[in-house]
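Pasting data_19.cif here (mmCIF, C-alpha atoms and all ligand atoms):
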```cif
data_run
#
loop_
_atom_site.label_atom_id
_atom_site.label_comp_id
_atom_site.auth_asym_id
_atom_site.auth_seq_id
_atom_site.Cartn_x
_atom_site.Cartn_y
_atom_site.Cartn_z
CA MET A 282 -30.46 22.20 -22.48
CA MET A 283 -28.94 24.78 -24.77
CA THR A 284 -27.99 26.89 -21.79
CA ASN A 285 -26.29 23.93 -20.19
CA LEU A 286 -24.49 23.19 -23.44
CA CYS A 287 -23.25 26.76 -23.72
CA ARG A 288 -22.14 26.75 -20.11
CA GLY A 289 -20.39 23.46 -20.67
CA LEU A 290 -18.56 24.71 -23.75
CA ALA A 291 -17.55 27.89 -21.97
CA LEU A 292 -16.35 25.83 -19.04
CA THR A 293 -14.40 23.51 -21.29
CA ALA A 294 -12.74 26.49 -22.99
CA MET A 295 -11.83 27.85 -19.56
CA LEU A 296 -10.41 24.50 -18.47
CA CYS A 297 -8.33 24.33 -21.63
CA CYS A 298 -6.77 27.66 -20.68
CA LEU A 299 -6.28 26.84 -17.03
CA VAL A 300 -5.28 23.21 -17.35
CA PRO A 301 -4.07 22.52 -20.88
CA GLU A 302 -3.89 18.78 -20.32
CA ALA A 303 -7.44 18.51 -18.94
CA ALA A 304 -9.22 18.35 -22.27
CA SER A 305 -6.38 17.59 -24.65
CA ALA A 306 -5.90 13.95 -23.93
CA ALA A 307 -2.53 12.26 -23.57
CA PRO A 308 -1.49 9.94 -26.42
CA SER A 309 -2.66 6.87 -24.54
CA SER A 310 -4.39 5.91 -21.30
CA GLU A 311 -1.66 3.32 -20.89
CA SER A 312 1.19 5.80 -21.14
CA GLY A 313 1.76 6.44 -17.45
CA SER A 314 5.39 6.32 -16.48
CA GLY A 315 6.56 4.27 -13.54
CA SER A 316 4.19 2.61 -11.09
CA GLY A 317 0.57 3.35 -11.75
CA SER A 318 0.15 3.09 -15.49
CA GLY A 319 -3.12 1.46 -16.44
CA GLN A 320 -6.41 1.57 -18.27
CA PHE A 321 -9.60 3.56 -17.68
CA SER A 322 -13.11 2.27 -18.41
CA LEU A 323 -16.70 3.28 -17.66
CA PHE A 324 -19.41 1.47 -15.74
CA GLY A 325 -23.07 1.93 -14.80
CA ASP A 326 -24.91 5.02 -16.07
CA ALA A 327 -21.81 6.60 -17.59
CA SER A 328 -21.53 8.16 -21.03
CA LEU A 329 -19.19 10.32 -23.01
CA TRP A 330 -20.25 13.96 -23.16
CA THR A 331 -19.48 15.04 -26.69
CA PHE A 332 -19.86 18.03 -28.97
CA TRP A 333 -19.64 17.37 -32.70
CA ARG A 334 -18.30 13.91 -31.79
CA ILE A 335 -15.44 15.43 -29.84
CA PRO A 336 -15.39 13.97 -26.31
CA LEU A 337 -15.27 16.77 -23.75
CA GLY A 338 -16.02 14.84 -20.58
CA VAL A 339 -17.75 11.89 -18.99
CA GLN A 340 -21.27 12.22 -17.59
CA LEU A 341 -21.87 10.11 -14.48
CA THR A 342 -25.47 9.91 -13.30
CA SER A 343 -27.09 8.32 -10.29
CA ASP A 344 -30.86 8.21 -10.80
CA ALA A 345 -32.47 6.61 -7.76
CA ALA A 346 -35.31 5.28 -9.94
CA ALA A 347 -33.04 3.60 -12.49
CA ASP A 348 -32.10 -0.09 -12.67
CA GLU A 349 -28.47 0.93 -12.28
CA PRO A 350 -28.57 3.90 -9.88
CA PHE A 351 -24.81 4.40 -10.05
CA ALA A 352 -22.03 5.32 -12.46
CA GLY A 353 -18.29 5.50 -12.48
CA ILE A 354 -14.91 5.61 -14.11
CA SER A 355 -12.67 2.68 -13.24
CA PHE A 356 -8.89 2.65 -13.42
CA GLU A 357 -7.18 -0.74 -13.54
CA PRO A 358 -3.44 -0.64 -12.83
CA LYS A 359 -1.26 -2.38 -15.37
CA VAL A 360 1.70 -4.26 -13.94
CA LYS A 361 4.45 -6.28 -15.60
CA GLY A 362 5.33 -9.88 -14.72
CA ASN A 363 5.07 -10.53 -11.02
CA GLN A 364 5.24 -6.86 -10.06
CA THR A 365 2.50 -5.47 -7.87
CA PHE A 366 1.08 -1.98 -7.68
CA THR A 367 0.55 -1.52 -3.96
CA LEU A 368 -1.26 1.11 -1.96
CA ASP A 369 1.98 2.81 -1.01
CA ASP A 370 2.79 3.10 -4.74
CA LEU A 371 -0.37 5.18 -5.13
CA THR A 372 0.74 8.71 -4.31
CA SER A 373 -1.47 10.99 -6.36
CA LEU A 374 -5.20 10.98 -7.05
CA SER A 375 -7.13 13.93 -8.43
CA THR A 376 -10.11 14.92 -10.54
CA ILE A 377 -11.70 17.94 -12.16
CA LEU A 378 -15.47 17.67 -12.24
CA TRP A 379 -18.61 19.74 -12.45
CA VAL A 380 -21.51 18.66 -10.26
CA THR A 381 -24.49 19.55 -12.47
CA GLU A 382 -27.46 17.99 -10.62
CA GLY A 383 -28.13 17.22 -6.97
CA GLY A 384 -24.88 18.12 -5.30
CA ILE A 385 -22.19 16.44 -3.26
CA GLY A 386 -23.54 14.22 -0.50
CA GLY A 387 -24.36 10.73 0.67
CA GLY A 388 -20.69 9.78 0.30
CA SER A 389 -20.54 10.58 -3.43
CA PRO A 390 -18.64 11.43 -5.54
CA ARG A 391 -15.78 9.44 -4.04
CA PHE A 392 -12.80 7.42 -5.10
CA SER A 393 -12.95 3.75 -4.16
CA ILE A 394 -9.58 2.00 -4.03
CA GLY A 395 -9.99 -1.78 -4.29
CA LEU A 396 -7.35 -3.74 -2.37
CA ASP A 397 -6.36 -7.37 -2.77
CA GLU A 398 -4.97 -8.43 0.59
CA ASP A 399 -4.75 -12.22 0.04
CA GLY A 400 -3.08 -12.26 -3.38
CA ASP A 401 -5.87 -13.86 -5.43
CA GLY A 402 -6.24 -10.87 -7.71
CA GLU A 403 -9.71 -9.98 -6.42
CA ALA A 404 -10.47 -7.00 -4.17
CA ASP A 405 -11.20 -7.92 -0.56
CA ASN A 406 -11.66 -4.45 0.89
CA SER A 407 -11.77 -0.84 -0.21
CA VAL A 408 -10.40 2.46 0.97
CA PHE A 409 -12.64 5.42 0.15
CA VAL A 410 -11.46 8.96 -0.55
CA TYR A 411 -14.21 11.58 -0.52
CA VAL A 412 -14.55 14.54 -2.86
CA GLY A 413 -15.86 17.86 -1.54
CA ASP A 414 -15.36 19.95 1.56
CA ALA A 415 -14.45 18.24 4.83
CA PRO A 416 -15.80 17.32 7.29
CA ASN A 417 -19.30 16.64 5.92
CA PHE A 418 -18.65 16.37 2.18
CA THR A 419 -22.01 17.94 1.42
CA GLN A 420 -22.29 20.92 -0.90
CA GLY A 421 -24.24 22.15 -3.89
CA THR A 422 -23.60 21.98 -7.59
CA GLY A 423 -20.48 23.52 -9.05
CA LEU A 424 -17.00 23.04 -10.36
CA ILE A 425 -14.46 21.12 -8.28
CA PHE A 426 -10.70 20.98 -8.75
CA THR A 427 -9.59 18.52 -6.09
CA GLY A 428 -5.82 18.73 -6.42
CA ASN A 429 -4.04 15.69 -5.00
CA LEU A 430 -6.53 14.24 -2.52
CA LEU A 431 -3.91 11.91 -1.01
CA THR A 432 -1.77 14.69 0.43
CA LYS A 433 -4.67 16.42 2.19
CA THR A 434 -4.79 16.02 5.96
CA ASP A 435 -8.49 16.85 6.46
CA LEU A 436 -9.67 13.32 7.33
CA ARG A 437 -11.33 12.51 4.00
CA VAL A 438 -10.10 8.92 3.85
CA ASP A 439 -12.37 6.10 5.06
CA THR A 440 -10.23 3.20 6.27
CA SER A 441 -12.99 1.40 8.17
CA GLN A 442 -12.74 -1.70 5.94
CA ILE A 443 -9.03 -2.17 6.67
CA GLY A 444 -9.15 -1.71 10.43
CA GLY A 445 -9.20 2.07 10.58
CA THR A 446 -11.92 4.67 10.93
CA PHE A 447 -14.42 6.55 8.78
CA TYR A 448 -12.50 9.82 9.19
CA ASP A 449 -8.86 9.06 8.56
CA THR A 450 -5.79 10.21 6.64
CA TYR A 451 -4.17 8.57 3.65
CA GLU A 452 -0.97 8.37 5.69
CA ASN A 453 -2.77 6.05 8.11
CA ALA A 454 -4.24 4.03 5.24
CA ILE A 455 -0.64 3.36 4.17
CA GLU A 456 0.21 2.33 7.74
CA LEU A 457 -2.70 -0.13 7.73
CA ALA A 458 -2.44 -1.62 4.24
CA GLY A 459 0.50 -0.10 2.38
CA ASP A 460 1.60 -3.52 1.08
CA ALA A 461 -1.82 -4.51 -0.28
CA ALA A 462 -2.17 -4.69 -4.06
CA VAL A 463 -4.38 -2.07 -5.67
CA VAL A 464 -6.63 -3.78 -8.22
CA SER A 465 -8.85 -0.82 -9.08
CA VAL A 466 -9.30 2.89 -8.45
CA ASP A 467 -12.88 3.92 -9.20
CA LEU A 468 -14.48 7.36 -9.25
CA VAL A 469 -18.05 6.58 -8.17
CA VAL A 470 -21.31 8.55 -8.29
CA ASP A 471 -24.18 6.73 -6.53
CA SER A 472 -26.06 9.10 -4.23
CA GLY A 473 -29.08 10.12 -6.28
CA TRP A 474 -31.16 8.77 -3.38
CA SER A 475 -29.87 11.53 -1.09
CA PHE A 476 -31.27 14.42 -3.14
CA GLU A 477 -34.84 15.66 -3.39
CA GLU A 478 -35.09 15.08 -7.14
CA GLY A 479 -33.56 11.63 -6.80
CA VAL A 480 -30.74 12.45 -9.21
CA GLN A 481 -27.07 13.22 -8.82
CA SER A 482 -25.15 14.00 -12.00
CA VAL A 483 -21.53 14.90 -12.52
CA LEU A 484 -19.50 15.86 -15.57
CA VAL A 485 -15.93 14.64 -15.24
CA PHE A 486 -13.27 16.44 -17.24
CA ASP A 487 -10.17 14.85 -15.79
CA VAL A 488 -9.02 12.04 -13.55
CA GLN A 489 -5.39 11.41 -12.73
CA VAL A 490 -3.96 8.37 -10.95
CA ASN A 491 -0.28 8.97 -10.24
CA LYS A 492 0.95 10.16 -13.65
CA THR A 493 -1.72 8.44 -15.74
CA LYS A 494 -4.43 10.77 -17.00
CA LEU A 495 -7.89 9.96 -18.25
CA ASN A 496 -7.88 9.82 -22.05
CA LEU A 497 -11.42 10.56 -23.23
CA ARG A 498 -10.67 9.33 -26.74
CA LYS A 499 -9.84 5.85 -25.45
CA LEU A 500 -13.11 5.41 -23.58
CA THR A 501 -16.18 3.58 -24.80
CA ALA A 502 -19.64 3.46 -23.24
CA PRO A 503 -20.25 0.55 -20.88
CA ASN A 504 -22.10 -2.51 -22.21
CA CA B 1 -8.37 -11.01 -2.70
#
```

Once more with this new file: its structure as structure tokens, please.
Ligand SMILES: [Ca+2]
Amino acid sequence: MMTNLCRGLALTAMLCCLVPEAASAAPSSESGSGSGSGQFSLFGDASLWTFWRIPLGVQLTSDAAADEPFAGISFEPKVKGNQTFTLDDLTSLSTILWVTEGGIGGGSPRFSIGLDEDGDGEADNSVFVYVGDAPNFTQGTGLIFTGNLLTKTDLRVDTSQIGGTFYDTYENAIELAGDAAVVSVDLVVDSGWSFEEGVQSVLVFDVQVNKTKLNLRKLTAPN
């Protein structure tokens, strides 16, 4: 435990040097400029990872034996009046995370983009964007800097729910459903079942949706 803590603190210090904005949160989660501002929240087996009450990250755990064998960070776009935040408004999606238990596999971690295609405000279908190395998205524990996943061309976008294929590009997702309203963008961890120990755990240091960054100080544990 202590070793993990020390490694985590060392890692956080390194991230602060490499990516100053990763651990020093923006003034507000709602401060995104232009399309894509919004609010982050936690769900499932998610908790703030703190040191001396200072939030350093979010721990997302999928324990196959738990009542809620999943965890995530959800981003809800905030729009004014009758404006809509559509899929083609979503141009940048990235995360910095450390896979601490299990690994990457079973389709997790991934981003799940909820789309409302009939205008009732509820998601009808989702587009999934996988984290990890294409084409299998299976690898061990370790630190991942994704960069902007939406500009990658390595077929990490699953458009099968909107008439596409499991291995697709974000460009084609836009072709298929660019006008659909985005109601949520979730970073999901739910593949504990796919690992021998039955647990997949991830420490998330940063998530960015367009220009809106995860603000750890604005997050509270899920109910
Ligand atoms: Ca709907």

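The shortest atom-to-atom distance to Gly383 (chain A), with all atoms listed in the file taken into account, belongs to A:Ala345 out of A:Ala404, A:Leu436, A:Ala345, A:Val485.
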
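With all atoms listed in the file as the atoms that count, the minimum distance from ligand CA 1 (chain B) to the choices A:Asn406, A:Ser343, A:Thr381, A:Ser318 is reached by A:Asn406.
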
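Take the candidates A:Leu430, A:Val339, A:Val360, A:Leu374 and check each one against Val466 (chain A) using all atoms listed in the file; the shortest distance goes to A:Leu374.
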
Could the residues that lie within 10 Å of ligand CA 1 (chain B), counting all atoms listed in the file, be listed as a PDB file with C-alpha atoms, in the coordinates of the input?
```pdb
ATOM      1  CA  GLY A 395      -9.990  -1.780  -4.290  1.00  0.00           C
ATOM      2  CA  LEU A 396      -7.350  -3.740  -2.370  1.00  0.00           C
ATOM      3  CA  ASP A 397      -6.360  -7.370  -2.770  1.00  0.00           C
ATOM      4  CA  GLU A 398      -4.970  -8.430   0.590  1.00  0.00           C
ATOM      5  CA  ASP A 399      -4.750 -12.220   0.040  1.00  0.00           C
ATOM      6  CA  GLY A 400      -3.080 -12.260  -3.380  1.00  0.00           C
ATOM      7  CA  ASP A 401      -5.870 -13.860  -5.430  1.00  0.00           C
ATOM      8  CA  GLY A 402      -6.240 -10.870  -7.710  1.00  0.00           C
ATOM      9  CA  GLU A 403      -9.710  -9.980  -6.420  1.00  0.00           C
ATOM     10  CA  ALA A 404     -10.470  -7.000  -4.170  1.00  0.00           C
ATOM     11  CA  ASP A 405     -11.200  -7.920  -0.560  1.00  0.00           C
ATOM     12  CA  ASN A 406     -11.660  -4.450   0.890  1.00  0.00           C
ATOM     13  CA  ALA A 461      -1.820  -4.510  -0.280  1.00  0.00           C
ATOM     14  CA  ALA A 462      -2.170  -4.690  -4.060  1.00  0.00           C
ATOM     15  CA  VAL A 464      -6.630  -3.780  -8.220  1.00  0.00           C
TER      16      VAL A 464
END
```

Can you measure CA of Asp439 (chain A) to CA of Phe324 (chain A) for me? One decimal in Å is fine.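 For CA of Asp439 (chain A) relative to CA of Phe324 (chain A), the distance reads 22.4 Å.
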
Option closest in space to Asp370 (chain A), from A:Lys494, A:Phe476, A:Val483, A:Leu431 [counting all atoms listed in the file]: A:Leu431

A:Leu457, A:Val488, A:Val408, A:Ile443 ranked by distance to Gly353 (chain A), top pick (using only C-alpha atoms):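 Closest to Gly353 (chain A), using only C-alpha atoms: A:Val488.
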
Distance query Phe447 (chain A) at most 9 Å, all atoms listed in the file, self and fewer than 2 positions along chain excluded, as a list in words: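 Final neighbour list, sorted by chain and number: Phe409, Leu436, Arg437, Val438, Asp439, Thr440, Ser441, Gln442, Gly445 and Asp449 of chain A.
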